[in-house]
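Only one structure is covered here, and it is reproduced in the block below.
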Amino acid sequence: MDGASRLAALEDREAIRELIARYGPLADAGDCAGAAALWTQDGVYEVGGFGEYRGRDAIQALLEGESHQALIAAGAAHVLSPPTIVLNGATAQARNYSVVFRRTGEAWEAHRASANEWHLQRTAEGWRIARRINRLLDGAPEARTLIGGGSPGS
Amino acid sequence: MDGASRLAALEDREAIRELIARYGPLADAGDCAGAAALWTQDGVYEVGGFGEYRGRDAIQALLEGESHQALIAAGAAHVLSPPTIVLNGATAQARNYSVVFRRTGEAWEAHRASANEWHLQRTAEGWRIARRINRLLDGAPEARTLIGGGSPGS
Amino acid sequence: MDGASRLAALEDREAIRELIARYGPLADAGDCAGAAALWTQDGVYEVGGFGEYRGRDAIQALLEGESHQALIAAGAAHVLSPPTIVLNGATAQARNYSVVFRRTGEAWEAHRASANEWHLQRTAEGWRIARRINRLLDGAPEARTLIGGGSPGS
């Protein structure tokens with residue numbers, strides 16, 4: 001690659017890292033529309049143990065729902081780990097972990113520990129999430145397959 | 001932006017990421033002067049549940065104090081998550097989570113889970129922390145406001 | 001540094017970040033050969049509480065062993081934090097935390113919280129791990145010395 005392409009690739013990776021890092025603070029702050037806007041208009045969020053939510057309105061409604069609101073009202077941190085990223089032109093794939101801590105007494109409990117696969121698209125608004133697949137690491141083979149098969153890092 | 005400005009912006013983001021990533025190892029190793037030197041000379045550290053510490057000497061004294069020393073002597077990990085970063089010339093703002101794990105019996109407990117807002121400055125020494133605001137995610141609205149209002153990602 | 005060197009330095013840091021971020025998903029997916037291939041052929045993995053494993057075959061055998069297999073079968077997340085990185089030509093050093101969460105009842109427990117020092121080499125295959133030193137943050141001075149002494153960030 002020439003210098004311009006290499007610089008653009010670094011910028012793409014940086015923008016994707018930034019996009020993924022924004023989810024937690026928006027979700028925990030209760031900015032449900034802001035969190036949903038990280039997805040494309042018809043983007044999909046598959047949430048392990050919950051279901052599949054298609055489009056920004058559905059994702060916003062999920063976060064405005066009783067389960068998420070109760071979680072953040074009691075004190076929660078949606079912590080997302082550094083992702084591995086593979087660029088492929090105007091699309092990209094990433095993988096990382098998310099751990100949701102919730103306040104319990106005088107400490108915090110790891111309430112969810114999940115694998116995430118992110119399918120990303122470069123849009124007129126910048127990089128956005130086309131599909132986020134989240135699966136609980138509870139011993140079910142689905143989550144391990146998600147992070148292992150056809151690894152973006154391979 | 002031209003290529004030189006774009007390269008400089010990537011370097012600034014990288015330097016800020018590095019600065020934030022250094023805090024945990026210095027704090028857990030008990031290198032209190034090293035940790036304090038991540039701040040500007042008169043930088044401020046607002047610690048949720050503790051108070052506000054102004055200047056490197058005050059921050060160093062905080063880390064040399066009984067509470068932090070007892071924590072690290074028993075085994076602790078100050079883990080800071082990937083930040084979101086917004087550059088604005090010679091200043092920048094970042095947000096992330098910090099989770100402090102402490103040894104308890106045969107496992108570790110999430111002793112603190114906090115939101116952090118970082119106000120950063122480019123100085124003659126490189127990027128430094130002008131103000132770090134840390135608030136416990138214990139359900140109090142202050143922490144949620146911190147990560148939600150005027151989000152750097154917006 | 002000129003522009004070409006600065007761009008190459010950013011790419012090196014990005015590649016090292018990617019290398020470290022790949023370990024968790026490969027380890028949790030049970031792709032033991034894939035995880036071992038992150039090391040150089042004769043690379044070393046010192047695992048706190050376990051021992052020292054030299055060479056890809058030994059590292060793969062460790063991950064194929066009963067202890068790791070039981071852990072991931074029950075549900076585990078090997079979460080690695082953002083590293084600090086110091087480049088030195090064709091070698092580099094990094095430091096970060098790793099926290100292993102394991103499924104326990106309805107939540108996850110922080111089963112291990114460790115400091116890690118990474119000695120990295122640029123090879124014909126790309127950046128690889130020459131030595132990873134992992135030490136439990138259980139109050140023993142070894143782990144604190146690891147992350148404090150001769151800090152790569154200093």
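Quick note on naming: the chains in the structure tokens go A, B, ... in the order shown, residues restart at 1 in each chain, and ligands are numbered from 1 in order of appearance.
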(request) Report as a PyMOL selection string the set of chain C residues whose atoms approach chain A to within 6 Å, with distances computed over only C-alpha atoms. (result) chain C and resi 18+21+25-26+29+73-76+103+107-108
(request) Pull the alpha helix (DSSP H) assignments for chain C out of DSSP run on the backbone, and list those residues as a PyMOL selection string. (result) chain C and resi 3-29+32-36+56-64+66-74+141-148
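In terms of minimum interatomic distance to Ala92 of chain B, B:Ile16 ranks closest within B:Ala33, B:Gln60, B:Ala124, B:Ile16, counting only C-alpha atoms.
The interatomic distance for the pair atom CA of Thr91 of chain C and atom CA of His119 of chain C works out to 7.4 Å.
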(message) Please identify the strand (DSSP E) residues within chain A (assignment by DSSP from backbone atoms) and present them as an MDAnalysis selection string.
(response) chainID A and resid 39:47 51:54 76:80 84:88 91:104 107:123 126:136
(request) Just the residues within 6 Å of segment 36-49 of chain C, please, counting only C-alpha atoms, with nothing from its chain fewer than 6 positions along; format it as a VMD selection string. (result) chain C and resid 55 to 56 59 to 60 128 to 136
(request) In Å, rounded to a single decimal, give me how far atom CA of Ala15 of chain C is from atom CA of Trp118 of chain C. (result) 13.6 Å
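The space separating atom CA of Glu52 of chain B from atom CA of Ala35 of chain B comes to 16.0 Å.
When only C-alpha atoms are used to compute distances to Ala70 of chain B, the closest of the residues B:Glu117, B:Asp2, B:Asp57, B:Asp28 turns out to be B:Asp28.
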